[in-house]
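The structure appears below as structure tokens.
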Number of protein chains: 2
Amino acid sequence: PAKPASCRTMPQLGLLHRRVWTVLLGQFLRPPRVVCIRAVRSHSQVAEAVLTSQLKPHPEKPNFVLKTPKGTRDLSPEQMVVREKILNMVVSCFKRHGAKGLDTPAFELKEILTEKYGEDSGLIYDLKDQGGELLSLRYDLTVSFEVPFARYLAMNKVKNMKRYHVGKVWRRESPTVAQGRFREFCQCDFDIAGEFDPMIPDAECLKIICEILSGLQLGEFLIKVSDRRILDGMFAVCGVPESKFHTVCSSVDKLGKMSWEDVRYEMVVKKGLAPKVADRIGDYVQCHGGMSLLEQMFQDPGLSQNKQALEGLEDLKLLFEYLTLFGVAEKISFDLSLARGLDYYTGVIYEAVLLPTPDQPEEEPLTVGSVAAGGRYDGLVGMFGHKVPCVGLSIGVERIFSIMEQRMNMFGEKIRTTETQVFVATPQKNFLQERLKLIAELWDAGIKAELLYKNNPKLLAQLHYCENSGIPLVVIIGEKELKEGIITLRTVASREEVSRCQQK
Amino acid sequence: PAKPASCRTMPQLGLLHRRVWTVLLGQFLRPPRVVCIRAVRSHSQVAEAVLTSQLKPHPEKPNFVLKTPKGTRDLSPEQMVVREKILNMVVSCFKRHGAKGLDTPAFELKEILTEKYGEDSGLIYDLKDQGGELLSLRYDLTVSFEVPFARYLAMNKVKNMKRYHVGKVWRRESPTVAQGRFREFCQCDFDIAGEFDPMIPDAECLKIICEILSGLQLGEFLIKVSDRRILDGMFAVCGVPESKFHTVCSSVDKLGKMSWEDVRYEMVVKKGLAPKVADRIGDYVQCHGGMSLLEQMFQDPGLSQNKQALEGLEDLKLLFEYLTLFGVAEKISFDLSLARGLDYYTGVIYEAVLLPTPDQPEEEPLTVGSVAAGGRYDGLVGMFGHKVPCVGLSIGVERIFSIMEQRMNMFGEKIRTTETQVFVATPQKNFLQERLKLIAELWDAGIKAELLYKNNPKLLAQLHYCENSGIPLVVIIGEKELKEGIITLRTVASREEVSRCQQK
């Protein structure tokens with residue numbers, strides 16, 4: 001293999017420190033606000049050309065299919081950039097609200113995870129019994145991190161804590177349901193555990209959802225709010241037998257995706273609810289609005305007589321008051337059709353949905369339903385023998401992630417997958433030593449820099465690499481520069497070049 | 001439940017935007033450089049006091065033990081702060097060198113993971129066969145992310161890529177080995193795939209290790225460097241039968257933990273190596289040094305006659321040349337006892353160790369052995385039918401993490417687990433509304449702010465909360481402030497208070 005000339009004496013470049021380099025490159029190095037460039041693929045033609053022709057497909061093919069497990073995928077550098085941007089936004093909001101980070105293992109003792117989910121446990125990934133404990137991967141539902149969180153609180157006898165948790169969760173989605181849904185995904189949760197005065201933490205959770213969805217600029221959104229006690233009260237008032245609360249609730253939950261007629265059909269024909277009872281439910285669940293609907297429900301002869309429902313209504317009234325102070329009341333809709341996790345939540349429940357924009361019909365693929373959800377679950381930690389009330393939220397980052405991706409594809413946006421600020425180039429042969437010395441100074445000064453891993457790359461190849469990977473600035477060093485003690489700075493976009501004194 | 005007074009009219013506070021708030025609080029809000037405070041526990045006494053006495057242990061105890069799975073642990077908020085700091089340092093270094101992010105699923109098809117590790121596969125966590133594919137959690141060895149990376153490159157026919165990968169890996173460490181070693185841990189890898197001119201990417205990998213270890217201020221360190229071909233050549237020259245290369249190599253690998261006498265005993269008595277052969281190995285593996293040792297080995301009558309060894313020596317010479325240009329050659333030691341992953345690496349190999357500091361004897365718990373390692377593995381991707389040479393490194397963040405933790409414990413440093421900048425307090429009763437409105441303005445201005453979730457907290461309780469959780473600044477609002485249109489800013493540490501005009 002060719003070696004660089006090592007005999008030529010190198011002139012003293014002078015140790016340029018962080019400050020000097022920063023001043024030198026200052027006006028050119030702007031924070032990387034713009035992630036979208038007009039560049040083409042991340043695997044540049046230049047770099048491709050660097051490959052020698054001796055690379056042939058390996059003769060011995062592996063005797064197995066190269067794939068990721070069913071329902072999972074690799075995240076490409078482009079996807080990682082989008083994901084990182086979203087997660088940074090979400091986590092910085094959680095931190096703005098004083099949350100601490102917490103991490104729990106990817107798997108838990110099976111009995112801890114399944115304690116709550118006899119029904120759905122087929123969706124949990126179990127680890128093979130290799131001797132020792134029976135383990136399962138932590139499972140997404142509404143409660144992915146809440147169960148580990150509850151286990152943590154109970155184990156450590158923690159009585160109050162505001163924490164966030166970002167990590168992967170797994171769901172062994174059955175093949176029939178699996179279209180387009182992943183079995184491994186990222187989840188971002190924020191929860192407030194502790195006994196506090198009513199509705200203050202609950203209101204903060206809703207405020208956080210608003211801040212995140214506004215911050216991500218996903219367009220208009222609405223947060224549907226209700227209360228488990230109002231729902232229970234409503235079912236009781238309508239005459240639903242208590243044994244059918246759960247199944248009727250899961251029908252009501254489908255109202256976002258199905259029409260009321262279809263939901264009514266399911267309740268009456270499939271679940272054997274009296275038509276009169278179903279109609280009474282229909283009167284309620286088609287109601288949604290703000291404070292005025294709430295006032296109206298206080299007047300409702302049925303609900304106002306039901307102790308549970310009345311408690312729920314009073315809490316929601318207080319919640320709306322706080323949300324008004326927080327300046328987000330207009331984003332909130334009291335919605336009696338909201339019926340999530342009936343057997344799990346104990347108080348207020350909420351779910352944020354994106355609204356279709358005027359120029360985007362509702363059938364558009366961008367409509368992805370719920371993007372954030374949560375509620376109050378005062379009973380869960382108690383199941384682990386340590387009673388602590390909790391309220392929390394989960395941001396549907398995977399959905400937000402696909403919306404962002406679709407949008408970028410729609411607008412043909414290209415994403416920079418590196419953050420490199422400066423490229424070190426030379427027009428000369430046998431200049432590897434100078435390039436290596438120069439780039440080390442840049443790295444040591446904290447500047448993000450790259451060069452081509454070739455002894456004698458062509459200048460054009462080096463400049464193409466910058467164009468293709470969106471590097472904004474090139475430091476050029478050659479015989480002329482070395483002799484005069486200068487460097488040439490080239491702005492890739494404008495192709496303008498200036499010379500700067502290299503030494504202090 | 002007590003409600004806040006809602007009848008009193010609130011004076012217009014004026015919408016203070018981000019800029020205004022930032023100016024107002026500017027001189028007080030410094031970047032949170034100092035993570036260590038003199039505060040006590042994160043679960044403050046104040047917040048404890050907020051809990052009502054109605055919280056009793058739940059009567060129905062769970063019928064299972066509350067624990068994390070064997071060999072795993074939760075990361076507390078304190079640990080998360082340390083971890084985040086380390087990971088940020090590591091990732092920003094990877095990005096400084098132009099790396100892209102990549103993520104792969106937590107599990108892979110079992111056959112992909114075990115293709116390479118017949119021997120050790122008992123340490124791999126398998127998922128239960130629930131129908132469908134046989135899966136295993138990605139496995140740590142030296143190659144935790146390299147196998148998924150190789151699979152990714154081969155699947156997507158990628159011919160060159162500089163990527164980093166941060167994530168969890170799992171190793172079903174057998175119980176006897178398990179003392180103090182975790183079965184789930186975080187791993188940070190950086191790899192350069194592609195056909196390039198020799199030793200340029202390899203030198204960059206070593207430069208990166210130096211930057212990270214220096215940046216983390218872990219004390220003095222040394223990177224041992226060798227080459228798989230020199231090792232093979234050395235064994236051949238010494239007269240080791242080729243069938244024993246692997247087992248002799250694993251004996252040599254123990255030289256860090258065992259004396260030469262013990263290693264020699266193992267090779268001769270347990271592995272049946274001729275004593276004369278072992279002694280010849282001993283002459284080599286006790287050598288370490290810089291360029292001069294390298295020159296000496298070029299003169300070695302045995303090694304210099306061995307084609308493989310000579311190639312390795314020539315590459316190392318070039319590597320040292322580049323490392324000198326990078327300004328890190330003095331951190332590198334050519335060490336013939338370095339013998340990692342013989343069946344996996346194909347060229348240069350390296351391993352970074354922390355050196356004991358003068359005031360810290362070598363037997364100290366802070367001595368944790370290898371903190372970073374890597375090498376060239378040109379054959380791995382080819383196993384998946386797509387030949388691409390690779391060189392990479394893995395930062396032992398778990399080890400670095402425990403060093404940092406031990407240090408903090410040693411120096412009694414407390415860690416702030418939140419980043420809250422401002423606390424909103426009031427000395428008055430019935431001031432919840434004003435506090436909520438004020439804190440929403442702070443949040444909307446991007447300022448990290450907290451308040452107590454109580455209708456009428458005592459001022460002392462609020463100030464104690466700030467002291468305990470290290471919040472540096474308090475915004476106080478009361479009748480007086482409201483009437484005069486001002487706010488009072490209190491610096492928690494100095495207890496100094498100033499008044500500021502609240503309106504623009």
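By order in the structure tokens, chains are A, B, ...; within a chain, residues start at 1; ligands start at 1, following the order shown.
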Would you kindly return, as number ranges by chain, each protein, DNA or RNA residue with an atom no farther than 7 Å from any atom of segment 221-229 of chain B, considering only C-alpha atoms and excluding same-chain residues fewer than 4 positions away?
-> B: 233, 308-309, 312, 331-336, 338, 342, 345-355
Based on DSSP run over this structure's backbone, return all residues of segment 87-196 of chain B in alpha helix (DSSP H), as a PyMOL selection string.
-> chain B and resi 87-96+110-114+146-155
Expected file: the selected residues, N, CA and C atoms, as a compact mmCIF listing (two decimals), in the first residue's frame:
# COMPACT_ATOMS: atom_id res chain seq x y z
N LEU B 87 -22.22 9.97 28.71
CA LEU B 87 -22.67 9.66 27.35
C LEU B 87 -22.63 10.89 26.45
N ASN B 88 -22.97 12.05 26.99
CA ASN B 88 -22.91 13.28 26.19
C ASN B 88 -21.48 13.54 25.72
N MET B 89 -20.53 13.36 26.63
CA MET B 89 -19.13 13.54 26.29
C MET B 89 -18.73 12.59 25.15
N VAL B 90 -19.08 11.33 25.33
CA VAL B 90 -18.68 10.30 24.37
C VAL B 90 -19.31 10.57 23.00
N VAL B 91 -20.62 10.82 23.01
CA VAL B 91 -21.31 11.01 21.73
C VAL B 91 -20.83 12.28 21.03
N SER B 92 -20.56 13.34 21.82
CA SER B 92 -20.13 14.56 21.14
C SER B 92 -18.75 14.36 20.52
N CYS B 93 -17.94 13.51 21.12
CA CYS B 93 -16.65 13.19 20.48
C CYS B 93 -16.87 12.41 19.18
N PHE B 94 -17.75 11.43 19.23
CA PHE B 94 -18.04 10.66 18.00
C PHE B 94 -18.53 11.60 16.89
N LYS B 95 -19.38 12.54 17.26
CA LYS B 95 -19.91 13.47 16.26
C LYS B 95 -18.82 14.42 15.75
N ARG B 96 -17.90 14.78 16.64
CA ARG B 96 -16.80 15.64 16.23
C ARG B 96 -15.98 14.97 15.14
N LYS B 110 -31.58 -15.45 16.24
CA LYS B 110 -30.57 -16.17 17.02
C LYS B 110 -29.39 -16.63 16.15
N GLU B 111 -29.70 -17.08 14.95
CA GLU B 111 -28.63 -17.61 14.09
C GLU B 111 -27.61 -16.53 13.70
N ILE B 112 -28.07 -15.30 13.59
CA ILE B 112 -27.14 -14.22 13.25
C ILE B 112 -26.18 -13.96 14.41
N LEU B 113 -26.72 -13.97 15.62
CA LEU B 113 -25.86 -13.72 16.78
C LEU B 113 -24.93 -14.88 17.09
N THR B 114 -25.41 -16.11 16.88
CA THR B 114 -24.63 -17.26 17.32
C THR B 114 -23.69 -17.77 16.23
N GLU B 146 -20.98 -4.82 16.83
CA GLU B 146 -20.36 -5.08 15.54
C GLU B 146 -21.17 -6.08 14.72
N VAL B 147 -21.73 -7.10 15.38
CA VAL B 147 -22.51 -8.07 14.62
C VAL B 147 -23.75 -7.40 14.02
N PRO B 148 -24.55 -6.69 14.83
CA PRO B 148 -25.67 -5.97 14.20
C PRO B 148 -25.21 -4.97 13.13
N PHE B 149 -24.07 -4.32 13.36
CA PHE B 149 -23.54 -3.37 12.38
C PHE B 149 -23.17 -4.10 11.09
N ALA B 150 -22.49 -5.23 11.23
CA ALA B 150 -22.12 -6.02 10.07
C ALA B 150 -23.38 -6.49 9.33
N ARG B 151 -24.37 -6.92 10.09
CA ARG B 151 -25.64 -7.35 9.50
C ARG B 151 -26.28 -6.20 8.74
N TYR B 152 -26.25 -4.99 9.32
CA TYR B 152 -26.81 -3.80 8.68
C TYR B 152 -26.08 -3.47 7.37
N LEU B 153 -24.75 -3.48 7.44
CA LEU B 153 -23.96 -3.17 6.24
C LEU B 153 -24.27 -4.16 5.12
N ALA B 154 -24.31 -5.45 5.49
CA ALA B 154 -24.53 -6.49 4.49
C ALA B 154 -25.95 -6.40 3.93
N MET B 155 -26.94 -6.20 4.81
CA MET B 155 -28.35 -6.12 4.39
C MET B 155 -28.56 -4.96 3.41
Which parts of segment 85-300 of chain B does DSSP call strand (DSSP E or B) when run on the backbone here, written out as a PyMOL selection string?
-> chain B and resi 100-101+103+107-109+126-127+135-137+139+161-170+184-193+221-227+288-289
What separation in Å, quoted to one decimal, exists between atom CA of His386 of chain A and atom CA of Ala203 of chain A?
->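 That distance, rounded to one decimal, is 24.5 Å.
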